[in-house]
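This report concerns only the one structure given below.
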Amino acid sequence: MYKNIFDTHAHYDDGRFDDDRDELLNSLTGKGVSHIINCGCDLKSSKTTLALSQKYAFIYAAVGVHAHEAEEATESDLLEIEELYRNEKVVAVGEIGLDYHYDFSPRERQLEVFERQLALANKLELPVIVHDREAHEDTMNLLKKYKPKGVVHCFSGSKEMAAEIVKLGMYIGMGGAVTFKNAKRPVEVMEYLPIERLLLETDAPYMTPVPFRGTRCDSAHIAYTAEKIAEIKKIDVQQLIDLCHENAKTLFGI
Ligand code: NI
C-alpha cells in the first residue's frame, strides 16, 4: 500500500456520495490518503465543501463558481462566496474556469466570472484551481494576463501548452485520464512535464482510472494514476506520490 496520497481535486459534496459519504471518507486514511482538496462549484457546494473541511482534518476547501454554474450565479452568491475565504481551511479559489465543450453558461458570462475570480485570487494571494475544457486559447490568455499561482486541473492540452503553463510558474493536475487506452496527449504531457510541476488528483466521483473506469471514483484510486505516471517518468511510485505531495503542500500553503 502507498502512503502520503494528496488528492488535489475531488467533489465529495456530490450526490453520488450521499449513501456512504462518512463511511467512505473515514476509510480513506487507512488506504494511504493523507490530504484532499474538495472543490466547490457554486455557492451551495462551496458551503458544503467548507463544512466537509471543518468536519475532517485532512480535507481542505477550494471555493468558487465553476464555468457550468456561471450563468446561475448571482452577484449576491459571488459576494457570499468571498466571505468564505476568511476561513483558514479554504486554501484556493476553485473550481473556476471555462468549458466550451458543454457551454452550459454563455461564454461571455463564463469569461466574466472567471476573470473576476482570477482578480480576486490575486488580491487574496490564494492559488486558483482552473477547469479548461476546449477553451485553451481563452484560458491561456487570461492566465497570462493575471499570472495567478495555481493549477490547471484535469489537464487536456498539448505539451506545448503545458510548457506555457510551466513558464507561468503554474502546476498541472493529472488524474485518471492518463490511464485511459486512448490517452495519447496526457502521456506526451507526462513525458515532458518536470515532476516539480505535477499534482495528482482524482476529480472524484468522475475520471476513474483504469481498471475501474466507469465506476465511482474516490481518492484511493490515485494509486493507479500514480503507477501509470511513475512508469512514464521511470521513477518509483511512492517517490512520485511523495514528490507530488510536497508540490501540493507548497502550492496550497499546507
Ligand atoms: Ni472538478
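By convention here, the chains of the C-alpha cells are called A, B, ... in the order presented, each chain's residues are numbered starting at 1, and ligands are numbered starting at 1 in the order presented.
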List the neighbours of segment 154-161 of chain A out to 9 Å using only C-alpha atoms; skip same-chain residues closer than 2 positions along the sequence, and give me the result as a PDB file with all heavy atoms, in the first residue's frame.
ATOM      1  N   HIS A   9      -7.893  17.345  -5.999  1.00  0.00           N
ATOM      2  CA  HIS A   9      -9.160  17.760  -6.634  1.00  0.00           C
ATOM      3  C   HIS A   9     -10.229  16.683  -6.496  1.00  0.00           C
ATOM      4  O   HIS A   9     -10.153  15.635  -7.144  1.00  0.00           O
ATOM      5  CB  HIS A   9      -8.923  18.049  -8.121  1.00  0.00           C
ATOM      6  CG  HIS A   9     -10.036  18.797  -8.772  1.00  0.00           C
ATOM      7  ND1 HIS A   9      -9.880  20.088  -9.242  1.00  0.00           N
ATOM      8  CD2 HIS A   9     -11.322  18.474  -9.031  1.00  0.00           C
ATOM      9  CE1 HIS A   9     -11.026  20.511  -9.752  1.00  0.00           C
ATOM     10  NE2 HIS A   9     -11.916  19.539  -9.636  1.00  0.00           N
ATOM     11  N   VAL A 130      -8.040  25.661 -11.839  1.00  0.00           N
ATOM     12  CA  VAL A 130      -8.649  26.045 -13.113  1.00  0.00           C
ATOM     13  C   VAL A 130      -9.159  24.837 -13.891  1.00  0.00           C
ATOM     14  O   VAL A 130      -8.438  23.848 -14.069  1.00  0.00           O
ATOM     15  CB  VAL A 130      -7.628  26.827 -13.970  1.00  0.00           C
ATOM     16  CG1 VAL A 130      -8.200  27.158 -15.342  1.00  0.00           C
ATOM     17  CG2 VAL A 130      -7.183  28.101 -13.259  1.00  0.00           C
ATOM     18  N   HIS A 131     -10.406  24.956 -14.359  1.00  0.00           N
ATOM     19  CA  HIS A 131     -11.017  23.979 -15.259  1.00  0.00           C
ATOM     20  C   HIS A 131     -10.962  24.570 -16.667  1.00  0.00           C
ATOM     21  O   HIS A 131     -11.412  25.692 -16.883  1.00  0.00           O
ATOM     22  CB  HIS A 131     -12.466  23.767 -14.812  1.00  0.00           C
ATOM     23  CG  HIS A 131     -13.308  22.951 -15.749  1.00  0.00           C
ATOM     24  ND1 HIS A 131     -13.604  21.622 -15.518  1.00  0.00           N
ATOM     25  CD2 HIS A 131     -13.940  23.276 -16.913  1.00  0.00           C
ATOM     26  CE1 HIS A 131     -14.380  21.163 -16.502  1.00  0.00           C
ATOM     27  NE2 HIS A 131     -14.596  22.151 -17.361  1.00  0.00           N
ATOM     28  N   ASP A 132     -10.404  23.822 -17.615  1.00  0.00           N
ATOM     29  CA  ASP A 132     -10.338  24.295 -19.008  1.00  0.00           C
ATOM     30  C   ASP A 132     -10.722  23.135 -19.908  1.00  0.00           C
ATOM     31  O   ASP A 132      -9.957  22.186 -20.071  1.00  0.00           O
ATOM     32  CB  ASP A 132      -8.918  24.774 -19.325  1.00  0.00           C
ATOM     33  CG  ASP A 132      -8.610  24.741 -20.818  1.00  0.00           C
ATOM     34  OD1 ASP A 132      -9.527  24.947 -21.636  1.00  0.00           O
ATOM     35  OD2 ASP A 132      -7.436  24.496 -21.170  1.00  0.00           O
ATOM     36  N   ARG A 133     -11.908  23.202 -20.486  1.00  0.00           N
ATOM     37  CA  ARG A 133     -12.285  22.168 -21.444  1.00  0.00           C
ATOM     38  C   ARG A 133     -12.614  22.819 -22.773  1.00  0.00           C
ATOM     39  O   ARG A 133     -13.539  23.637 -22.879  1.00  0.00           O
ATOM     40  CB  ARG A 133     -13.473  21.360 -20.923  1.00  0.00           C
ATOM     41  CG  ARG A 133     -13.737  20.174 -21.828  1.00  0.00           C
ATOM     42  CD  ARG A 133     -14.285  18.975 -21.090  1.00  0.00           C
ATOM     43  NE  ARG A 133     -14.426  17.864 -22.032  1.00  0.00           N
ATOM     44  CZ  ARG A 133     -15.345  16.930 -21.961  1.00  0.00           C
ATOM     45  NH1 ARG A 133     -16.201  16.934 -20.972  1.00  0.00           N
ATOM     46  NH2 ARG A 133     -15.414  15.970 -22.867  1.00  0.00           N
ATOM     47  N   GLU A 134     -11.786  22.492 -23.755  1.00  0.00           N
ATOM     48  CA  GLU A 134     -11.946  23.017 -25.122  1.00  0.00           C
ATOM     49  C   GLU A 134     -12.002  24.537 -25.143  1.00  0.00           C
ATOM     50  O   GLU A 134     -12.715  25.131 -25.956  1.00  0.00           O
ATOM     51  CB  GLU A 134     -13.164  22.380 -25.799  1.00  0.00           C
ATOM     52  CG  GLU A 134     -12.956  20.879 -26.031  1.00  0.00           C
ATOM     53  CD  GLU A 134     -14.166  20.147 -26.569  1.00  0.00           C
ATOM     54  OE1 GLU A 134     -15.026  20.778 -27.185  1.00  0.00           O
ATOM     55  OE2 GLU A 134     -14.230  18.915 -26.354  1.00  0.00           O
ATOM     56  N   HIS A 136      -8.832  26.327 -24.564  1.00  0.00           N
ATOM     57  CA  HIS A 136      -7.410  26.530 -24.278  1.00  0.00           C
ATOM     58  C   HIS A 136      -6.948  27.959 -24.543  1.00  0.00           C
ATOM     59  O   HIS A 136      -6.238  28.542 -23.742  1.00  0.00           O
ATOM     60  CB  HIS A 136      -6.550  25.564 -25.102  1.00  0.00           C
ATOM     61  CG  HIS A 136      -6.847  24.115 -24.838  1.00  0.00           C
ATOM     62  ND1 HIS A 136      -7.253  23.639 -23.610  1.00  0.00           N
ATOM     63  CD2 HIS A 136      -6.781  23.031 -25.657  1.00  0.00           C
ATOM     64  CE1 HIS A 136      -7.419  22.318 -23.684  1.00  0.00           C
ATOM     65  NE2 HIS A 136      -7.152  21.941 -24.917  1.00  0.00           N
ATOM     66  N   MET A 140      -5.586  30.399 -21.625  1.00  0.00           N
ATOM     67  CA  MET A 140      -4.186  30.840 -21.592  1.00  0.00           C
ATOM     68  C   MET A 140      -4.083  32.357 -21.602  1.00  0.00           C
ATOM     69  O   MET A 140      -3.246  32.929 -20.908  1.00  0.00           O
ATOM     70  CB  MET A 140      -3.392  30.242 -22.761  1.00  0.00           C
ATOM     71  CG  MET A 140      -3.032  28.778 -22.629  1.00  0.00           C
ATOM     72  SD  MET A 140      -2.327  28.264 -21.040  1.00  0.00           S
ATOM     73  CE  MET A 140      -0.869  29.288 -20.907  1.00  0.00           C
ATOM     74  N   VAL A 152      -3.762  24.044 -13.406  1.00  0.00           N
ATOM     75  CA  VAL A 152      -4.766  23.731 -14.418  1.00  0.00           C
ATOM     76  C   VAL A 152      -5.078  22.251 -14.224  1.00  0.00           C
ATOM     77  O   VAL A 152      -4.225  21.389 -14.432  1.00  0.00           O
ATOM     78  CB  VAL A 152      -4.269  24.019 -15.848  1.00  0.00           C
ATOM     79  CG1 VAL A 152      -5.352  23.672 -16.867  1.00  0.00           C
ATOM     80  CG2 VAL A 152      -3.871  25.491 -15.984  1.00  0.00           C
ATOM     81  N   ALA A 163       3.982  23.524 -21.502  1.00  0.00           N
ATOM     82  CA  ALA A 163       5.226  24.295 -21.350  1.00  0.00           C
ATOM     83  C   ALA A 163       4.928  25.760 -21.038  1.00  0.00           C
ATOM     84  O   ALA A 163       5.641  26.393 -20.254  1.00  0.00           O
ATOM     85  CB  ALA A 163       6.067  24.169 -22.621  1.00  0.00           C
ATOM     86  N   GLU A 164       3.867  26.291 -21.634  1.00  0.00           N
ATOM     87  CA  GLU A 164       3.492  27.686 -21.343  1.00  0.00           C
ATOM     88  C   GLU A 164       3.049  27.830 -19.887  1.00  0.00           C
ATOM     89  O   GLU A 164       3.334  28.837 -19.233  1.00  0.00           O
ATOM     90  CB  GLU A 164       2.345  28.125 -22.255  1.00  0.00           C
ATOM     91  CG  GLU A 164       2.742  28.357 -23.700  1.00  0.00           C
ATOM     92  CD  GLU A 164       1.613  29.051 -24.458  1.00  0.00           C
ATOM     93  OE1 GLU A 164       1.373  30.235 -24.172  1.00  0.00           O
ATOM     94  OE2 GLU A 164       0.969  28.384 -25.290  1.00  0.00           O
ATOM     95  N   ILE A 165       2.318  26.817 -19.405  1.00  0.00           N
ATOM     96  CA  ILE A 165       1.844  26.854 -18.016  1.00  0.00           C
ATOM     97  C   ILE A 165       3.019  26.763 -17.043  1.00  0.00           C
ATOM     98  O   ILE A 165       3.067  27.481 -16.044  1.00  0.00           O
ATOM     99  CB  ILE A 165       0.806  25.726 -17.793  1.00  0.00           C
ATOM    100  CG1 ILE A 165      -0.486  26.102 -18.532  1.00  0.00           C
ATOM    101  CG2 ILE A 165       0.536  25.491 -16.313  1.00  0.00           C
ATOM    102  CD1 ILE A 165      -1.458  24.979 -18.697  1.00  0.00           C
ATOM    103  N   VAL A 166       3.973  25.915 -17.369  1.00  0.00           N
ATOM    104  CA  VAL A 166       5.183  25.797 -16.552  1.00  0.00           C
ATOM    105  C   VAL A 166       5.920  27.142 -16.522  1.00  0.00           C
ATOM    106  O   VAL A 166       6.383  27.594 -15.468  1.00  0.00           O
ATOM    107  CB  VAL A 166       6.099  24.670 -17.104  1.00  0.00           C
ATOM    108  CG1 VAL A 166       7.500  24.746 -16.497  1.00  0.00           C
ATOM    109  CG2 VAL A 166       5.472  23.307 -16.823  1.00  0.00           C
ATOM    110  N   ILE A 172       0.342  21.503 -13.170  1.00  0.00           N
ATOM    111  CA  ILE A 172      -0.604  20.754 -13.983  1.00  0.00           C
ATOM    112  C   ILE A 172      -1.147  19.598 -13.143  1.00  0.00           C
ATOM    113  O   ILE A 172      -0.366  18.854 -12.522  1.00  0.00           O
ATOM    114  CB  ILE A 172       0.076  20.285 -15.279  1.00  0.00           C
ATOM    115  CG1 ILE A 172       0.135  21.501 -16.224  1.00  0.00           C
ATOM    116  CG2 ILE A 172      -0.648  19.096 -15.916  1.00  0.00           C
ATOM    117  CD1 ILE A 172       0.856  21.292 -17.488  1.00  0.00           C
ATOM    118  N   GLY A 173      -2.480  19.496 -13.096  1.00  0.00           N
ATOM    119  CA  GLY A 173      -3.120  18.418 -12.356  1.00  0.00           C
ATOM    120  C   GLY A 173      -3.454  17.279 -13.303  1.00  0.00           C
ATOM    121  O   GLY A 173      -4.033  17.502 -14.367  1.00  0.00           O
ATOM    122  N   MET A 174      -3.056  16.049 -12.915  1.00  0.00           N
ATOM    123  CA  MET A 174      -3.343  14.894 -13.768  1.00  0.00           C
ATOM    124  C   MET A 174      -4.059  13.820 -12.961  1.00  0.00           C
ATOM    125  O   MET A 174      -3.675  13.505 -11.845  1.00  0.00           O
ATOM    126  CB  MET A 174      -2.027  14.349 -14.351  1.00  0.00           C
ATOM    127  CG  MET A 174      -2.201  13.264 -15.392  1.00  0.00           C
ATOM    128  SD  MET A 174      -3.253  13.676 -16.825  1.00  0.00           S
ATOM    129  CE  MET A 174      -2.246  14.871 -17.703  1.00  0.00           C
ATOM    130  N   GLY A 175      -5.118  13.280 -13.568  1.00  0.00           N
ATOM    131  CA  GLY A 175      -5.900  12.239 -12.915  1.00  0.00           C
ATOM    132  C   GLY A 175      -6.032  11.016 -13.795  1.00  0.00           C
ATOM    133  O   GLY A 175      -5.147  10.704 -14.609  1.00  0.00           O
ATOM    134  N   GLY A 176      -7.170  10.339 -13.671  1.00  0.00           N
ATOM    135  CA  GLY A 176      -7.400   9.055 -14.339  1.00  0.00           C
ATOM    136  C   GLY A 176      -7.227   9.063 -15.848  1.00  0.00           C
ATOM    137  O   GLY A 176      -6.939   8.013 -16.443  1.00  0.00           O
ATOM    138  N   ALA A 177      -7.377  10.233 -16.486  1.00  0.00           N
ATOM    139  CA  ALA A 177      -7.318  10.296 -17.956  1.00  0.00           C
ATOM    140  C   ALA A 177      -6.023   9.711 -18.520  1.00  0.00           C
ATOM    141  O   ALA A 177      -6.020   9.134 -19.611  1.00  0.00           O
ATOM    142  CB  ALA A 177      -7.487  11.737 -18.433  1.00  0.00           C
ATOM    143  N   ARG A 185      -2.331  12.247 -25.688  1.00  0.00           N
ATOM    144  CA  ARG A 185      -1.863  13.568 -25.238  1.00  0.00           C
ATOM    145  C   ARG A 185      -1.434  13.606 -23.775  1.00  0.00           C
ATOM    146  O   ARG A 185      -0.359  14.117 -23.465  1.00  0.00           O
ATOM    147  CB  ARG A 185      -2.942  14.630 -25.508  1.00  0.00           C
ATOM    148  CG  ARG A 185      -2.895  15.103 -26.953  1.00  0.00           C
ATOM    149  CD  ARG A 185      -2.871  16.616 -27.038  1.00  0.00           C
ATOM    150  NE  ARG A 185      -4.214  17.176 -26.960  1.00  0.00           N
ATOM    151  CZ  ARG A 185      -4.544  18.391 -27.411  1.00  0.00           C
ATOM    152  NH1 ARG A 185      -3.645  19.161 -27.985  1.00  0.00           N
ATOM    153  NH2 ARG A 185      -5.760  18.832 -27.308  1.00  0.00           N
ATOM    154  N   PRO A 186      -2.267  13.049 -22.850  1.00  0.00           N
ATOM    155  CA  PRO A 186      -1.824  13.072 -21.452  1.00  0.00           C
ATOM    156  C   PRO A 186      -0.482  12.359 -21.241  1.00  0.00           C
ATOM    157  O   PRO A 186       0.336  12.810 -20.446  1.00  0.00           O
ATOM    158  CB  PRO A 186      -2.955  12.334 -20.710  1.00  0.00           C
ATOM    159  CG  PRO A 186      -4.144  12.500 -21.574  1.00  0.00           C
ATOM    160  CD  PRO A 186      -3.632  12.523 -22.991  1.00  0.00           C
ATOM    161  N   GLU A 188       1.973  12.116 -23.498  1.00  0.00           N
ATOM    162  CA  GLU A 188       3.012  13.032 -24.014  1.00  0.00           C
ATOM    163  C   GLU A 188       3.295  14.152 -23.017  1.00  0.00           C
ATOM    164  O   GLU A 188       4.442  14.545 -22.818  1.00  0.00           O
ATOM    165  CB  GLU A 188       2.546  13.671 -25.332  1.00  0.00           C
ATOM    166  CG  GLU A 188       2.711  12.768 -26.531  1.00  0.00           C
ATOM    167  CD  GLU A 188       2.072  13.364 -27.784  1.00  0.00           C
ATOM    168  OE1 GLU A 188       1.637  14.549 -27.762  1.00  0.00           O
ATOM    169  OE2 GLU A 188       1.980  12.636 -28.778  1.00  0.00           O
ATOM    170  N   VAL A 189       2.227  14.674 -22.430  1.00  0.00           N
ATOM    171  CA  VAL A 189       2.395  15.765 -21.449  1.00  0.00           C
ATOM    172  C   VAL A 189       3.173  15.256 -20.239  1.00  0.00           C
ATOM    173  O   VAL A 189       4.074  15.926 -19.733  1.00  0.00           O
ATOM    174  CB  VAL A 189       1.021  16.349 -21.037  1.00  0.00           C
ATOM    175  CG1 VAL A 189       1.147  17.261 -19.822  1.00  0.00           C
ATOM    176  CG2 VAL A 189       0.393  17.118 -22.206  1.00  0.00           C
ATOM    177  N   MET A 190       2.859  14.044 -19.773  1.00  0.00           N
ATOM    178  CA  MET A 190       3.574  13.486 -18.624  1.00  0.00           C
ATOM    179  C   MET A 190       5.041  13.211 -18.957  1.00  0.00           C
ATOM    180  O   MET A 190       5.917  13.377 -18.106  1.00  0.00           O
ATOM    181  CB  MET A 190       2.885  12.213 -18.121  1.00  0.00           C
ATOM    182  CG  MET A 190       1.573  12.454 -17.398  1.00  0.00           C
ATOM    183  SD  MET A 190       1.729  13.524 -15.937  1.00  0.00           S
ATOM    184  CE  MET A 190       1.237  15.099 -16.600  1.00  0.00           C
ATOM    185  N   GLU A 191       5.313  12.787 -20.199  1.00  0.00           N
ATOM    186  CA  GLU A 191       6.714  12.572 -20.599  1.00  0.00           C
ATOM    187  C   GLU A 191       7.495  13.874 -20.500  1.00  0.00           C
ATOM    188  O   GLU A 191       8.636  13.901 -20.050  1.00  0.00           O
ATOM    189  CB  GLU A 191       6.779  12.047 -22.049  1.00  0.00           C
ATOM    190  CG  GLU A 191       6.443  10.580 -22.157  1.00  0.00           C
ATOM    191  CD  GLU A 191       6.170  10.124 -23.591  1.00  0.00           C
ATOM    192  OE1 GLU A 191       6.120  10.983 -24.513  1.00  0.00           O
ATOM    193  OE2 GLU A 191       5.994   8.917 -23.783  1.00  0.00           O
ATOM    194  N   TYR A 192       6.838  14.948 -20.903  1.00  0.00           N
ATOM    195  CA  TYR A 192       7.510  16.251 -20.924  1.00  0.00           C
ATOM    196  C   TYR A 192       7.614  16.909 -19.535  1.00  0.00           C
ATOM    197  O   TYR A 192       8.636  17.495 -19.175  1.00  0.00           O
ATOM    198  CB  TYR A 192       6.771  17.214 -21.879  1.00  0.00           C
ATOM    199  CG  TYR A 192       6.895  18.647 -21.424  1.00  0.00           C
ATOM    200  CD1 TYR A 192       8.103  19.340 -21.601  1.00  0.00           C
ATOM    201  CD2 TYR A 192       5.872  19.286 -20.730  1.00  0.00           C
ATOM    202  CE1 TYR A 192       8.260  20.630 -21.105  1.00  0.00           C
ATOM    203  CE2 TYR A 192       6.025  20.566 -20.234  1.00  0.00           C
ATOM    204  CZ  TYR A 192       7.220  21.234 -20.427  1.00  0.00           C
ATOM    205  OH  TYR A 192       7.371  22.486 -19.921  1.00  0.00           O
ATOM    206  N   LEU A 193       6.536  16.828 -18.752  1.00  0.00           N
ATOM    207  CA  LEU A 193       6.392  17.699 -17.575  1.00  0.00           C
ATOM    208  C   LEU A 193       7.436  17.441 -16.476  1.00  0.00           C
ATOM    209  O   LEU A 193       7.567  16.319 -16.002  1.00  0.00           O
ATOM    210  CB  LEU A 193       4.983  17.525 -16.975  1.00  0.00           C
ATOM    211  CG  LEU A 193       4.616  18.539 -15.888  1.00  0.00           C
ATOM    212  CD1 LEU A 193       4.356  19.909 -16.488  1.00  0.00           C
ATOM    213  CD2 LEU A 193       3.382  18.071 -15.110  1.00  0.00           C
ATOM    214  N   GLU A 201      -4.429  14.045  -8.807  1.00  0.00           N
ATOM    215  CA  GLU A 201      -5.818  14.382  -8.463  1.00  0.00           C
ATOM    216  C   GLU A 201      -6.735  13.263  -8.946  1.00  0.00           C
ATOM    217  O   GLU A 201      -6.332  12.402  -9.727  1.00  0.00           O
ATOM    218  CB  GLU A 201      -6.225  15.689  -9.146  1.00  0.00           C
ATOM    219  CG  GLU A 201      -6.234  15.581 -10.680  1.00  0.00           C
ATOM    220  CD  GLU A 201      -6.835  16.813 -11.362  1.00  0.00           C
ATOM    221  OE1 GLU A 201      -6.451  17.931 -10.994  1.00  0.00           O
ATOM    222  OE2 GLU A 201      -7.673  16.636 -12.264  1.00  0.00           O
ATOM    223  N   THR A 202      -8.000  13.321  -8.464  1.00  0.00           N
ATOM    224  CA  THR A 202      -8.981  12.375  -8.985  1.00  0.00           C
ATOM    225  C   THR A 202     -10.071  13.035  -9.818  1.00  0.00           C
ATOM    226  O   THR A 202     -10.449  12.540 -10.856  1.00  0.00           O
ATOM    227  CB  THR A 202      -9.713  11.623  -7.843  1.00  0.00           C
ATOM    228  OG1 THR A 202     -10.266  12.576  -6.949  1.00  0.00           O
ATOM    229  CG2 THR A 202      -8.788  10.664  -7.150  1.00  0.00           C
ATOM    230  N   ASP A 203     -10.650  14.142  -9.329  1.00  0.00           N
ATOM    231  CA  ASP A 203     -11.924  14.685  -9.814  1.00  0.00           C
ATOM    232  C   ASP A 203     -13.072  13.752  -9.403  1.00  0.00           C
ATOM    233  O   ASP A 203     -14.115  13.697 -10.040  1.00  0.00           O
ATOM    234  CB  ASP A 203     -11.954  14.911 -11.330  1.00  0.00           C
ATOM    235  CG  ASP A 203     -12.856  16.085 -11.729  1.00  0.00           C
ATOM    236  OD1 ASP A 203     -13.293  16.844 -10.836  1.00  0.00           O
ATOM    237  OD2 ASP A 203     -13.141  16.234 -12.932  1.00  0.00           O
ATOM    238  N   MET A 207     -13.822  10.575 -13.636  1.00  0.00           N
ATOM    239  CA  MET A 207     -12.481  10.296 -14.155  1.00  0.00           C
ATOM    240  C   MET A 207     -11.775   9.122 -13.469  1.00  0.00           C
ATOM    241  O   MET A 207     -10.567   9.142 -13.226  1.00  0.00           O
ATOM    242  CB  MET A 207     -11.586  11.542 -14.035  1.00  0.00           C
ATOM    243  CG  MET A 207     -12.127  12.787 -14.706  1.00  0.00           C
ATOM    244  SD  MET A 207     -12.400  12.591 -16.481  1.00  0.00           S
ATOM    245  CE  MET A 207     -10.724  12.591 -17.080  1.00  0.00           C
TER     246      MET A 207
END
Please provide as a compact mmCIF listing (two decimals) with C-alpha atoms, in the first residue's frame all residues within 9 Å of Glu82 of chain A, with the sequence filter that same-chain residues fewer than 4 positions apart are discarded (counting only C-alpha atoms).
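Output file part_17.txt is given in full below:
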# COMPACT_ATOMS: atom_id res chain seq x y z
CA VAL A 63 -14.49 27.58 -3.10
CA GLY A 64 -15.69 29.39 -6.19
CA ASP A 77 -23.76 34.44 -4.46
CA LEU A 78 -20.37 35.75 -5.55
CA ARG A 86 -11.81 34.12 5.65
CA LEU A 120 -9.92 38.04 -6.52
- Message: Please return, as a list of chain:residue names, all residues of segment 12-72 of chain A that DSSP assigns to alpha helix (DSSP H) on the basis of the backbone.
- Response: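 Residues of segment 12-72 of chain A classed as alpha helix (DSSP H): A:Arg21, A:Asp22, A:Glu23, A:Leu24, A:Leu25, A:Asn26, A:Ser27, A:Leu28, A:Leu43, A:Lys44, A:Ser45, A:Ser46, A:Lys47, A:Thr48, A:Thr49, A:Leu50, A:Ala51, A:Leu52, A:Ser53, A:Gln54, A:Lys55.
Residue nearest ligand 1 within the list A:Leu24, A:Ile229, A:Leu98, A:Leu198: A:Leu98 [criterion: smallest interatomic distance, only C-alpha atoms and all ligand atoms].
Proximity ranking of A:Gly150, A:Gly253, A:Pro194, A:Gly97 relative to ligand 1 places A:Gly97 first, based on only C-alpha atoms and all ligand atoms.
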- So which one's closest to ligand 1, A:His68, A:Arg116, A:Lys123, A:Lys55? Using only C-alpha atoms and all ligand atoms, please.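 For ligand 1, the nearest of the candidates is A:His68.
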- Task: Mind the document's chain letters and residue numbers, and return as a ChimeraX atom specification the residues of segment 8-252 of chain A that DSSP labels strand (DSSP E).
- Result: /A:8-10,33-39,59-63,90-99,128-133,150-152,171-174,198-200
- Task: For Lys149 of chain A, work out the shell of residues within 10 Å, counting only C-alpha atoms and skipping chain neighbours fewer than 5 positions away, then give it as a ChimeraX atom specification.
- Result: /A:92,118,121-122,125-129,143,168-171,251-252
Convert the current residue selection to file output with C-alpha atoms, as a PDB file, in the first residue's frame.
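File out26.pdb, as written:
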ATOM      1  CA  ALA A  92      -7.766  28.040  -3.047  1.00  0.00           C
ATOM      2  CA  LEU A 118      -8.740  35.383 -11.083  1.00  0.00           C
ATOM      3  CA  ALA A 121      -7.406  35.202  -6.089  1.00  0.00           C
ATOM      4  CA  ASN A 122      -4.538  37.592  -6.729  1.00  0.00           C
ATOM      5  CA  GLU A 125      -2.969  35.859  -2.568  1.00  0.00           C
ATOM      6  CA  LEU A 126      -4.601  32.456  -2.964  1.00  0.00           C
ATOM      7  CA  PRO A 127      -3.894  29.882  -5.687  1.00  0.00           C
ATOM      8  CA  VAL A 128      -6.527  29.080  -8.319  1.00  0.00           C
ATOM      9  CA  ILE A 129      -7.824  25.669  -9.428  1.00  0.00           C
ATOM     10  CA  LEU A 143      -3.730  33.142 -17.186  1.00  0.00           C
ATOM     11  CA  LEU A 168       3.931  30.931 -15.875  1.00  0.00           C
ATOM     12  CA  GLY A 169       5.031  29.108 -12.707  1.00  0.00           C
ATOM     13  CA  MET A 170       1.795  27.122 -12.507  1.00  0.00           C
ATOM     14  CA  TYR A 171       1.163  23.417 -11.930  1.00  0.00           C
ATOM     15  CA  LEU A 251       1.226  25.460  -3.702  1.00  0.00           C
ATOM     16  CA  PHE A 252      -1.635  25.409  -1.199  1.00  0.00           C
TER      17      PHE A 252
END
- Taking only C-alpha atoms into account, which of A:Phe6, A:Tyr12, A:Phe58, A:Tyr102 comes nearest Arg216 of chain A?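 Closest to Arg216 of chain A of all the choices is A:Tyr12.
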